[in-house]
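Below is the file final_31.txt, which contains compact mmCIF, C-alpha atoms and all ligand atoms.
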# COMPACT_ATOMS: atom_id res chain seq x y z
CA GLU G 88 0.00 0.00 0.00
CA ALA G 89 1.26 3.45 -0.88
CA ASP G 90 2.49 5.75 1.82
CA VAL G 91 -0.45 7.79 3.14
CA LEU G 92 -0.27 11.31 4.47
CA ASP G 93 0.24 11.23 8.24
CA VAL G 94 -1.99 14.24 8.80
CA ASP G 95 -4.76 12.07 7.34
CA PHE G 96 -5.82 11.41 10.94
CA TYR G 97 -8.97 9.45 10.09
CA SER G 98 -7.41 7.55 7.16
CA PHE G 99 -9.65 9.13 4.53
CA GLN G 100 -7.14 8.22 1.84
CA GLN G 101 -8.16 4.59 2.24
CA GLN G 102 -11.08 5.50 -0.01
CA LEU G 103 -8.70 6.05 -2.93
CA THR G 104 -7.94 3.15 -5.24
CA SER G 105 -4.42 1.77 -5.03
CA GLU G 106 -3.65 3.39 -8.41
CA GLU G 107 -4.85 6.73 -7.07
CA GLN G 108 -2.83 6.30 -3.86
CA ARG G 109 0.30 5.53 -5.87
CA SER G 110 -0.27 8.56 -8.04
CA VAL G 111 -0.76 10.85 -5.03
CA ALA G 112 2.48 9.49 -3.53
CA ALA G 113 4.39 10.06 -6.81
CA ILE G 114 3.06 13.62 -7.05
CA ARG G 115 4.08 14.28 -3.43
CA GLU G 116 7.55 12.94 -4.10
CA PHE G 117 7.94 15.27 -7.12
CA LEU G 118 6.66 18.27 -5.16
CA ASP G 119 8.98 17.55 -2.22
CA ARG G 120 11.93 17.38 -4.62
CA GLU G 121 11.17 20.08 -7.20
CA VAL G 122 8.83 22.58 -5.55
CA ARG G 123 9.16 22.70 -1.76
CA PRO G 124 12.91 23.49 -1.56
CA TYR G 125 12.59 26.45 -3.96
CA ALA G 126 9.15 27.78 -3.00
CA ASP G 127 10.35 30.46 -0.57
CA ASP G 128 12.83 31.84 -3.12
CA LEU G 129 10.23 32.00 -5.91
CA TRP G 130 7.83 33.62 -3.47
CA GLU G 131 10.40 36.26 -2.53
CA LYS G 132 11.22 36.93 -6.20
CA ALA G 133 7.48 36.92 -7.08
CA GLN G 134 7.98 34.36 -9.86
CA SER G 135 5.76 31.50 -11.01
CA PRO G 136 7.34 28.03 -11.32
CA ARG G 137 7.00 28.17 -15.12
CA HIS G 138 10.07 25.96 -15.61
CA LEU G 139 8.14 23.06 -14.02
CA ILE G 140 5.28 23.11 -16.56
CA PRO G 141 6.60 20.03 -18.45
CA GLY G 142 7.00 18.12 -15.17
CA PHE G 143 3.49 19.03 -14.02
CA ALA G 144 2.11 17.92 -17.39
CA GLU G 145 3.96 14.60 -17.20
CA LEU G 146 2.49 13.95 -13.75
CA GLY G 147 -1.00 14.46 -15.18
CA LEU G 148 -1.74 17.57 -13.14
CA PHE G 149 -3.44 19.39 -16.04
CA GLY G 150 -6.94 18.35 -17.07
CA ALA G 151 -7.16 15.24 -14.84
CA SER G 152 -10.95 15.40 -14.77
CA TRP G 153 -11.62 15.27 -18.51
CA PRO G 154 -11.88 12.02 -20.49
CA GLU G 155 -9.70 13.32 -23.32
CA THR G 156 -6.87 14.54 -21.09
CA ARG G 157 -6.76 12.41 -17.93
CA GLN G 158 -3.96 9.86 -17.65
CA PHE G 159 -6.20 7.28 -15.97
CA GLU G 160 -9.79 7.10 -14.86
CA ASN G 161 -9.97 8.77 -11.47
CA SER G 162 -12.37 10.19 -8.92
CA ALA G 163 -13.02 13.76 -7.78
CA VAL G 164 -11.76 12.60 -4.37
CA TYR G 165 -8.41 11.68 -5.94
CA ARG G 166 -8.14 15.07 -7.66
CA ALA G 167 -8.99 16.71 -4.36
CA TRP G 168 -6.09 15.00 -2.60
CA VAL G 169 -3.81 16.07 -5.44
CA ALA G 170 -4.94 19.69 -4.92
CA LEU G 171 -4.20 19.35 -1.21
CA GLU G 172 -0.74 17.95 -1.91
CA ILE G 173 0.23 20.73 -4.32
CA SER G 174 -0.95 23.42 -1.93
CA ARG G 175 0.78 21.70 1.00
CA ALA G 176 4.06 22.04 -0.93
CA ASP G 177 3.33 25.55 -2.17
CA PRO G 178 0.03 27.46 -2.34
CA SER G 179 1.32 29.68 -5.18
CA THR G 180 2.07 26.61 -7.30
CA ALA G 181 -1.40 25.25 -6.47
CA THR G 182 -2.98 28.52 -7.63
CA PHE G 183 -0.86 28.67 -10.79
CA ILE G 184 -2.02 25.12 -11.65
CA GLY G 185 -5.57 25.88 -10.46
CA VAL G 186 -5.89 28.82 -12.84
CA HIS G 187 -4.62 26.85 -15.84
CA SER G 188 -6.11 23.42 -15.20
CA GLY G 189 -9.09 24.36 -13.05
CA LEU G 190 -10.40 27.68 -14.33
CA ALA G 191 -9.14 27.89 -17.93
CA MET G 192 -9.45 24.18 -18.89
CA ASN G 193 -12.83 23.87 -17.16
CA ALA G 194 -14.01 26.97 -19.02
CA ILE G 195 -13.27 25.20 -22.31
CA GLY G 196 -14.32 21.77 -21.02
CA VAL G 197 -17.68 23.05 -19.75
CA GLY G 198 -18.28 25.88 -22.20
CA GLY G 199 -16.50 24.82 -25.39
CA SER G 200 -17.90 23.13 -28.46
CA ALA G 201 -16.50 19.74 -29.57
CA GLU G 202 -14.20 21.61 -31.99
CA GLN G 203 -12.98 24.00 -29.31
CA ARG G 204 -12.29 21.13 -26.90
CA GLU G 205 -10.49 19.28 -29.69
CA GLU G 206 -8.30 22.31 -30.44
CA TRP G 207 -7.32 23.23 -26.89
CA MET G 208 -7.71 20.51 -24.26
CA ARG G 209 -4.85 18.19 -25.23
CA PRO G 210 -2.29 20.95 -25.85
CA MET G 211 -3.29 22.46 -22.50
CA ALA G 212 -2.90 19.09 -20.77
CA ARG G 213 0.57 18.77 -22.29
CA GLY G 214 1.42 22.24 -20.98
CA GLU G 215 2.12 23.51 -24.51
CA VAL G 216 -0.71 26.04 -24.21
CA ILE G 217 -1.15 27.83 -20.87
CA GLY G 218 -4.47 29.41 -19.98
CA ALA G 219 -5.80 32.22 -17.83
CA PHE G 220 -9.33 33.15 -16.70
CA GLY G 221 -10.40 36.78 -16.77
CA LEU G 222 -13.55 37.41 -14.77
CA THR G 223 -12.78 39.97 -12.02
CA GLU G 224 -12.66 43.67 -12.94
CA PRO G 225 -11.24 46.70 -11.14
CA GLY G 226 -14.76 47.77 -10.16
CA HIS G 227 -16.36 44.33 -9.79
CA GLY G 228 -15.19 41.37 -7.71
CA SER G 229 -17.97 39.91 -5.57
CA ASP G 230 -20.68 41.33 -7.84
CA THR G 231 -19.35 40.19 -11.22
CA ALA G 232 -22.60 38.32 -11.99
CA LYS G 233 -24.58 41.56 -12.00
CA GLY G 234 -21.88 44.19 -12.42
CA LEU G 235 -19.56 42.94 -15.17
CA GLU G 236 -18.77 45.95 -17.37
CA THR G 237 -16.49 44.51 -20.05
CA THR G 238 -18.48 44.49 -23.27
CA ALA G 239 -18.63 42.21 -26.30
CA THR G 240 -20.23 43.55 -29.45
CA ARG G 241 -20.99 41.27 -32.35
CA ARG G 242 -20.50 42.50 -35.90
CA THR G 243 -20.53 41.02 -39.38
CA VAL G 244 -17.61 41.84 -41.65
CA ASP G 245 -16.59 41.17 -45.20
CA ASP G 246 -14.38 38.06 -45.29
CA GLY G 247 -12.50 39.34 -48.35
CA ALA G 248 -13.66 36.34 -50.41
CA GLY G 249 -17.07 37.57 -51.40
CA GLY G 250 -18.74 36.41 -48.20
CA SER G 251 -19.03 37.59 -44.62
CA ARG G 252 -17.99 36.41 -41.18
CA ASP G 253 -19.09 37.18 -37.63
CA GLU G 254 -16.70 38.50 -35.03
CA TRP G 255 -16.77 40.17 -31.61
CA VAL G 256 -15.16 43.37 -30.35
CA LEU G 257 -14.18 43.33 -26.67
CA ASN G 258 -13.67 46.44 -24.55
CA GLY G 259 -13.04 46.79 -20.82
CA SER G 260 -10.60 45.93 -18.08
CA LYS G 261 -9.82 43.03 -15.76
CA ARG G 262 -7.94 42.77 -12.48
CA TRP G 263 -6.07 40.04 -10.59
CA ILE G 264 -5.93 37.66 -13.57
CA GLY G 265 -3.51 34.84 -12.72
CA ASN G 266 -1.01 33.67 -15.38
CA ALA G 267 -2.23 36.37 -17.81
CA VAL G 268 1.20 37.95 -18.30
CA PHE G 269 2.52 34.82 -20.02
CA ALA G 270 -0.59 32.80 -20.95
CA ASP G 271 -1.12 31.65 -24.54
CA ILE G 272 -4.89 32.02 -24.24
CA VAL G 273 -6.92 34.16 -21.85
CA VAL G 274 -10.61 33.37 -21.38
CA ILE G 275 -12.36 36.73 -21.11
CA TRP G 276 -15.87 37.04 -19.70
CA ALA G 277 -17.80 39.95 -21.19
CA ARG G 278 -21.35 41.23 -21.44
CA ASP G 279 -23.00 40.87 -24.84
CA THR G 280 -24.24 44.35 -25.75
CA ALA G 281 -27.19 42.82 -27.65
CA ASP G 282 -28.78 40.59 -24.96
CA ASP G 283 -26.93 41.82 -21.83
CA GLN G 284 -25.84 38.26 -20.98
CA VAL G 285 -22.30 37.20 -20.01
CA LYS G 286 -20.42 35.31 -22.73
CA GLY G 287 -16.94 33.74 -22.76
CA PHE G 288 -14.20 34.40 -25.32
CA ILE G 289 -10.90 32.65 -25.97
CA VAL G 290 -8.44 35.49 -26.58
CA ARG G 291 -5.32 34.14 -28.28
CA GLN G 292 -2.06 35.85 -27.34
CA PRO G 293 -0.67 38.17 -28.40
CA ALA G 294 -3.82 40.09 -29.40
CA VAL G 295 -3.99 43.60 -30.80
CA GLY G 296 -5.51 45.93 -28.20
CA PHE G 297 -4.86 43.52 -25.29
CA THR G 298 -2.37 44.45 -22.58
CA ALA G 299 -1.59 42.55 -19.36
CA THR G 300 0.52 44.29 -16.72
CA LYS G 301 1.91 42.33 -13.78
CA ILE G 302 0.59 43.42 -10.38
CA GLU G 303 3.61 44.18 -8.21
CA ARG G 304 4.16 44.36 -4.43
CA LYS G 305 1.71 41.57 -3.53
CA GLN G 306 2.15 40.18 -0.03
CA SER G 307 0.21 36.94 -0.54
CA LEU G 308 0.64 34.19 -3.16
CA ARG G 309 3.66 36.06 -4.48
CA GLY G 310 4.54 33.04 -6.64
CA VAL G 311 1.43 33.65 -8.77
CA GLU G 312 1.81 36.30 -11.42
CA ASN G 313 -1.43 38.29 -11.47
CA ALA G 314 -2.24 40.95 -14.03
CA ASP G 315 -4.29 44.01 -14.70
CA ILE G 316 -5.71 43.64 -18.22
CA VAL G 317 -6.94 46.33 -20.59
CA LEU G 318 -8.98 45.39 -23.66
CA GLU G 319 -9.30 48.04 -26.35
CA ASP G 320 -11.26 46.92 -29.41
CA VAL G 321 -9.88 43.38 -29.17
CA VAL G 322 -11.29 41.38 -32.09
CA VAL G 323 -12.26 37.73 -31.48
CA PRO G 324 -13.77 35.53 -34.21
CA GLU G 325 -17.16 33.94 -33.51
CA SER G 326 -15.37 30.55 -33.65
CA ASP G 327 -13.48 31.56 -30.46
CA ARG G 328 -16.59 32.41 -28.47
CA LEU G 329 -17.27 29.63 -25.98
CA ALA G 330 -20.17 27.96 -27.74
CA ASN G 331 -22.05 26.60 -24.72
CA ILE G 332 -21.92 29.69 -22.49
CA ASN G 333 -25.18 31.62 -22.67
CA SER G 334 -25.24 33.51 -19.38
CA PHE G 335 -23.55 33.87 -16.00
CA ARG G 336 -25.38 30.71 -14.89
CA ASP G 337 -22.99 28.77 -17.10
CA VAL G 338 -19.98 30.52 -15.55
CA ALA G 339 -21.32 29.42 -12.16
CA ILE G 340 -21.00 25.76 -13.26
CA ILE G 341 -17.26 26.30 -13.69
CA LEU G 342 -16.95 28.11 -10.35
CA ARG G 343 -18.84 25.32 -8.59
CA LEU G 344 -16.11 22.89 -9.67
CA THR G 345 -13.15 25.17 -8.92
CA ARG G 346 -14.47 26.42 -5.57
CA ALA G 347 -14.61 22.90 -4.22
CA GLU G 348 -11.00 22.48 -5.33
CA VAL G 349 -9.96 25.75 -3.66
CA ALA G 350 -11.46 24.38 -0.42
CA TRP G 351 -8.99 21.50 -0.73
CA GLN G 352 -6.18 23.94 -1.48
CA ALA G 353 -7.05 25.70 1.77
CA ILE G 354 -6.64 22.41 3.62
CA GLY G 355 -3.23 22.04 1.95
CA VAL G 356 -2.23 25.51 3.21
CA ALA G 357 -3.24 24.50 6.74
CA VAL G 358 -1.34 21.21 6.47
CA GLY G 359 1.81 22.96 5.26
CA ALA G 360 1.75 25.34 8.21
CA TYR G 361 0.88 22.60 10.70
CA GLU G 362 3.73 20.34 9.63
CA ALA G 363 6.25 23.18 9.93
CA ALA G 364 4.96 24.18 13.37
CA LEU G 365 4.90 20.61 14.67
CA ALA G 366 8.51 19.98 13.63
CA TYR G 367 9.57 23.28 15.17
CA ALA G 368 7.70 22.61 18.44
CA LYS G 369 9.56 19.34 18.91
CA GLU G 370 12.94 21.01 18.32
CA ARG G 371 12.62 24.40 19.96
CA GLN G 372 13.60 24.39 23.66
CA GLN G 373 12.33 26.91 26.22
CA PHE G 374 12.43 26.56 30.00
CA GLY G 375 14.71 23.56 29.40
CA LYS G 376 12.09 21.57 27.48
CA PRO G 377 10.78 21.30 23.90
CA ILE G 378 7.90 23.75 23.53
CA ALA G 379 5.84 20.76 22.27
CA SER G 380 5.70 19.61 25.89
CA PHE G 381 3.67 22.65 26.99
CA GLN G 382 -0.09 22.15 27.22
CA LEU G 383 -0.92 25.43 25.47
CA VAL G 384 1.25 24.48 22.50
CA GLN G 385 -0.30 21.01 22.36
CA GLU G 386 -3.74 22.60 22.34
CA LYS G 387 -2.83 24.68 19.29
CA LEU G 388 -1.46 21.60 17.52
CA ALA G 389 -4.52 19.51 18.45
CA ASN G 390 -6.91 22.24 17.33
CA SER G 391 -4.98 22.63 14.07
CA LEU G 392 -5.26 18.93 13.31
CA SER G 393 -8.94 19.00 14.31
CA ASN G 394 -9.59 21.85 11.86
CA ILE G 395 -7.72 20.00 9.13
CA THR G 396 -9.59 16.75 9.83
CA ALA G 397 -13.03 18.40 9.98
CA SER G 398 -12.33 20.22 6.71
CA ILE G 399 -11.20 17.02 5.01
CA ALA G 400 -14.37 15.22 6.18
CA LEU G 401 -16.61 17.97 4.78
CA CYS G 402 -14.69 18.32 1.52
CA MET G 403 -14.52 14.54 0.95
CA ARG G 404 -18.29 14.50 0.79
CA VAL G 405 -18.43 17.45 -1.60
CA SER G 406 -16.00 15.65 -3.91
CA GLU G 407 -18.05 12.44 -3.68
CA MET G 408 -21.16 14.47 -4.55
CA GLN G 409 -19.32 15.79 -7.61
CA ASP G 410 -18.74 12.21 -8.77
CA LEU G 411 -22.40 11.39 -8.05
CA GLY G 412 -23.51 14.43 -10.08
CA ILE G 413 -25.45 15.93 -7.14
CA GLN G 414 -23.08 18.74 -6.13
CA LYS G 415 -24.79 22.15 -6.08
CA ASP G 416 -23.39 25.69 -5.79
CA HIS G 417 -24.22 25.90 -2.08
CA HIS G 418 -22.32 22.67 -1.35
CA SER G 419 -19.14 24.09 -2.87
CA ALA G 420 -19.76 27.42 -1.17
CA MET G 421 -20.04 25.86 2.29
CA ALA G 422 -16.87 23.83 1.73
CA LYS G 423 -14.92 26.87 0.51
CA ALA G 424 -16.12 29.13 3.34
CA PHE G 425 -15.63 26.52 6.08
CA ALA G 426 -12.23 25.23 4.95
CA THR G 427 -10.79 28.71 4.42
CA ALA G 428 -12.01 29.93 7.81
CA ARG G 429 -10.49 26.88 9.53
CA MET G 430 -7.28 27.37 7.50
CA ARG G 431 -7.00 30.97 8.67
CA GLU G 432 -7.19 29.84 12.31
CA VAL G 433 -4.58 27.14 11.73
CA VAL G 434 -2.01 29.38 10.05
CA GLY G 435 -2.44 31.88 12.91
CA TRP G 436 -1.88 29.25 15.62
CA CYS G 437 1.07 27.75 13.73
CA ARG G 438 2.68 31.14 13.22
CA GLU G 439 2.24 31.75 16.96
CA ILE G 440 3.88 28.43 17.90
CA MET G 441 6.99 29.54 16.03
CA GLY G 442 7.33 32.80 17.93
CA GLY G 443 9.40 35.45 16.17
CA ASN G 444 10.77 32.91 13.71
CA GLY G 445 7.21 32.46 12.48
CA ILE G 446 7.33 35.72 10.58
CA GLN G 447 10.48 34.88 8.62
CA LEU G 448 10.31 32.91 5.37
CA ASP G 449 13.18 30.59 6.31
CA HIS G 450 11.28 28.83 9.09
CA GLY G 451 8.61 27.32 6.89
CA VAL G 452 5.38 28.88 8.11
CA ALA G 453 5.38 32.56 7.05
CA ARG G 454 4.64 31.77 3.40
CA TYR G 455 1.52 29.75 4.31
CA PHE G 456 0.48 32.44 6.79
CA ALA G 457 0.62 35.14 4.11
CA ASP G 458 -0.80 32.98 1.30
CA ALA G 459 -3.86 32.06 3.37
CA GLU G 460 -5.19 35.60 2.99
CA ALA G 461 -5.58 35.41 -0.80
CA VAL G 462 -7.02 31.88 -0.66
CA TYR G 463 -9.58 33.18 1.86
CA THR G 464 -10.61 35.90 -0.61
CA PHE G 465 -10.45 34.53 -4.16
CA GLU G 466 -13.01 32.29 -5.89
CA GLY G 467 -15.68 34.03 -3.83
CA THR G 468 -14.78 35.66 -0.53
CA TYR G 469 -15.66 33.99 2.77
CA ASP G 470 -18.59 36.41 3.02
CA MET G 471 -19.98 35.69 -0.44
CA ASN G 472 -19.74 31.92 -0.05
CA THR G 473 -21.39 32.16 3.37
CA LEU G 474 -24.20 34.22 1.84
CA ILE G 475 -24.68 31.61 -0.90
CA VAL G 476 -25.25 29.08 1.89
CA GLY G 477 -27.52 31.61 3.61
CA ARG G 478 -29.57 31.92 0.44
CA SER G 479 -30.01 28.16 0.22
CA ILE G 480 -31.13 28.02 3.89
CA THR G 481 -33.56 30.95 3.82
CA GLY G 482 -34.50 31.28 0.19
CA ILE G 483 -33.50 34.95 0.46
CA ALA G 484 -30.42 36.30 -1.34
CA ALA G 485 -28.79 38.82 1.00
CA PHE G 486 -26.33 40.04 -1.62
CA VAL G 487 -28.45 41.48 -4.39
P1 LIG G 501 -14.80 43.05 -3.21
O1 LIG G 501 -15.83 42.33 -4.00
O2 LIG G 501 -14.63 44.49 -3.41
O3 LIG G 501 -15.09 42.76 -1.67
C1 LIG G 501 -14.50 43.52 -0.62
C2 LIG G 501 -15.11 43.06 0.70
O4 LIG G 501 -16.52 43.34 0.72
C3 LIG G 501 -14.96 41.56 0.91
O5 LIG G 501 -14.69 41.30 2.27
C4 LIG G 501 -16.32 41.01 0.53
O6 LIG G 501 -16.63 39.78 1.18
C5 LIG G 501 -17.22 42.14 1.02
N1 LIG G 501 -18.51 42.16 0.31
C6 LIG G 501 -18.75 42.47 -0.99
N2 LIG G 501 -20.06 42.37 -1.25
C7 LIG G 501 -20.67 41.95 -0.12
C8 LIG G 501 -22.00 41.64 0.25
N3 LIG G 501 -23.03 41.73 -0.63
N4 LIG G 501 -22.26 41.26 1.53
C9 LIG G 501 -21.25 41.15 2.41
N5 LIG G 501 -19.95 41.42 2.14
C10 LIG G 501 -19.67 41.81 0.89
N6 LIG G 501 -10.11 36.77 -10.55
C11 LIG G 501 -10.18 36.26 -11.81
O7 LIG G 501 -11.13 36.51 -12.55
N7 LIG G 501 -9.19 35.44 -12.28
C12 LIG G 501 -8.11 35.10 -11.53
O8 LIG G 501 -7.23 34.37 -12.01
C13 LIG G 501 -8.01 35.63 -10.20
N8 LIG G 501 -6.94 35.34 -9.43
C14 LIG G 501 -6.78 35.97 -8.23
C15 LIG G 501 -5.62 35.78 -7.49
C16 LIG G 501 -5.39 36.50 -6.33
C17 LIG G 501 -4.09 36.35 -5.60
C18 LIG G 501 -6.40 37.36 -5.84
C19 LIG G 501 -6.20 38.16 -4.57
C20 LIG G 501 -7.58 37.50 -6.52
C21 LIG G 501 -7.80 36.82 -7.72
N9 LIG G 501 -8.96 37.02 -8.48
C22 LIG G 501 -9.05 36.48 -9.74
C23 LIG G 501 -9.99 37.93 -8.01
C24 LIG G 501 -10.84 37.39 -6.85
O9 LIG G 501 -11.74 36.43 -7.31
C25 LIG G 501 -11.50 38.60 -6.16
O10 LIG G 501 -10.48 39.28 -5.45
C26 LIG G 501 -12.63 38.19 -5.25
O11 LIG G 501 -13.72 37.69 -5.95
C27 LIG G 501 -13.10 39.38 -4.39
O12 LIG G 501 -13.35 40.51 -5.16
P2 LIG G 501 -12.70 41.91 -4.77
O13 LIG G 501 -11.26 41.69 -4.47
O14 LIG G 501 -13.05 42.86 -5.83
O15 LIG G 501 -13.38 42.31 -3.39
Kindly transcribe the structure held in the file into structure tokens.
Ligand code: FAD
Amino acid sequence: EADVLDVDFYSFQQQLTSEEQRSVAAIREFLDREVRPYADDLWEKAQSPRHLIPGFAELGLFGASWPETRQFENSAVYRAWVALEISRADPSTATFIGVHSGLAMNAIGVGGSAEQREEWMRPMARGEVIGAFGLTEPGHGSDTAKGLETTATRRTVDDGAGGSRDEWVLNGSKRWIGNAVFADIVVIWARDTADDQVKGFIVRQPAVGFTATKIERKQSLRGVENADIVLEDVVVPESDRLANINSFRDVAIILRLTRAEVAWQAIGVAVGAYEAALAYAKERQQFGKPIASFQLVQEKLANSLSNITASIALCMRVSEMQDLGIQKDHHSAMAKAFATARMREVVGWCREIMGGNGIQLDHGVARYFADAEAVYTFEGTYDMNTLIVGRSITGIAAFV
């Protein structure tokens, strides 16, 4: 039997098949060798681990949920544990992969026609084409469903061969878009000026009128390169409009999938911090004893593992529901809100256990502590996900 994660206190990983367990162990081994030792440096330099794209592709980390791109048939629970493992090694790497494989590939997988899937999914799984997902705008984060201002206007033009063709003109701006500074394709969500509905567009790079500027001086997830995007009369052919996206409801299908995965990433952040704090507590001596021998330190460790275990239990069920086809928006929202709130407590306790050393990158917890803040906020803030649950309980949307 493959080596299971020792923070898997209730042996949840027993539910994985032996093939899935072996794959998780191989991914962990790669991450421990290639990602973990360099993560603090990349974080400090604010660089994405782009050089590892071929390795990630070889491990099957891109597009593992889609029949045409997965390396073997697997469950949502398996993919969840993979998300945890990547985030445990480095939350920035998990986000970088999450944007490409989760957001961008799911946008094409869910919203693309057969031809669009055929064109993009395999090259994206091989890491030859890297994707980004442009939803958030400078003026609209939590209220993108209603507030999205970027426009898409359809027009018919002469094709130069005696006929005509349809194309779209995009105008607007986007903020916080991960991977956009180097992506080969950026999925842009824009409001159709004819029917006022949100549509999705594959914008191939480079595109005339499209600029992506790296956001500097971030203090969380520094290893993810986020961009401010400006779109000025960017022309996209009708063949690059995501064929099966008709409104924001369809975007919500994608977010339902990725939010559940971000909940698992949050558990990975908590695990990364917990492991560093536990090792430190056993080593660090005060009052002539390891600090792990003090009751107050043990309480923080026990509560951290309790938070991790409770989050895993909740998120396991959400992943199972995904496989059963019964996962709804409010299920993902509860998992994301709960796991990120528990994560935030854990990284705080673990930082505290490490005293002053807890605020310095070199001691293994500061990166998780800082990264937790962005994970708490993106893919729907804690508040918005909680209000989605509130809506399902009361039937009243508190956020419109
Ligand atoms: P706001 O929406 O302005 O919210 C500010 C505060 O007000 C929050 O606390 C929020 O909970 C609260 N609030 C807002 N409305 C309500 C309400 N009705 N009731 C109660 N409280 C409310 N976006 C992309 O499209 N693509 C990406 O790749 C991407 N990557 C990201 C990576 C990072 C590192 C970060 C930080 C963000 C990323 N985002 C991305 C954007 C992210 O999804 C947004 O930051 C998030 O949705 C919140 O939007 P906002 O920052 O505009 O905050």
May I have the residues within 7 Å of ligand LIG 501 (chain G), computed using all atoms listed in the file, as an NGL selection string?
:G and (186 or 219-223 or 225-230 or 262-265 or 307-308 or 311 or 313 or 461 or 464-471 or 485-487)
Mind giving me the straight-line distance from atom CA of Arg204 of chain G to atom CA of Glu325 of chain G in Å, one decimal?
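Computing it gives 15.2 Å between the two atoms.
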Any idea what's packed within 12 Å of Trp153 of chain G, counting all atoms listed in the file, ignoring anything in its chain fewer than 2 positions away? Could you give it as a PyMOL selection string?
chain G and resi 147-151+155-163+166+188-189+192-197+204-205+208-209+211-212
Near segment 376-386 of chain G, within 10 Å and counting only C-alpha atoms, which residues show up once chain neighbours fewer than 3 positions away are dropped, as a ChimeraX atom specification?
/G:364-373,389-392,436-437,439-441
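Ranking G:Leu118, G:Ala363, G:Ala277, G:Ala239 by their shortest atom-to-atom distance to Asp320 of chain G, with only C-alpha atoms included, puts G:Ala239 first.
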Within 8 Å of Asp271 of chain G, counting only C-alpha atoms, which residues qualify if same-chain residues fewer than 6 places away don't, as a list in words?
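The filter keeps Val216, Ile217, Gly218, Arg291, Gln292 and Pro293 of chain G.
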Considering only C-alpha atoms, state which residue in the set G:Glu432, G:Glu121, G:Asp337, G:Glu224 is at the smallest distance from Ala360 of chain G.
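Between G:Glu432, G:Glu121, G:Asp337, G:Glu224, the residue approaching Ala360 of chain G most closely is G:Glu432.
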Find the residues with any atom within 12 Å of (-26.3, 27.1, -20.4); use only C-alpha atoms and the coordinates as given in the file, and write the answer as a ChimeraX atom specification.
/G:197-199,284-287,329-341
Hey, what's within 9 Å of segment 248-252 of chain G if we count all atoms listed in the file and toss same-chain stuff fewer than 5 positions away? As an NGL selection string, please?
:G and (242-243 or 324-325)
What does the distance between atom CA of Leu388 of chain G and atom CA of Leu103 of chain G come to in Å, to one decimal place?
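So the answer is 26.7 Å.
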At a cut-off of 7 Å, using all atoms listed in the file, what residues contact segment 256-259 of chain G? Leave out same-chain residues fewer than 3 positions from it and give the result as JSON, numbers by chain.
{"G": [236, 237, 238, 239, 240, 241, 317, 318, 319, 320, 321, 322, 323]}
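Here atom CA of Val274 of chain G is placed at a distance of 6.0 Å from atom CA of Val290 of chain G.
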From G:Ala457, G:Ala112, G:Ala267, G:Val462, residue lying nearest Val169 of chain G [all atoms listed in the file]:
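Among the listed residues, the smallest separation from Val169 of chain G belongs to G:Ala112.
Between Ala294 of chain G and the residues G:Ala232, G:Asp128, G:Ile272, G:Asp315, the shortest atom-to-atom distance, using all atoms listed in the file, involves G:Ile272.
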Edge lengths and centre, in Å to one decimal, as AutoDock Vina command-line options: that's what I need for the box along x, y and z that holds all listed atoms of segment 428-444 of chain G plus 8 Å on each side.
--center_x -0.6 --center_y 31.2 --center_z 12.7 --size_x 38.8 --size_y 24.6 --size_z 26.4
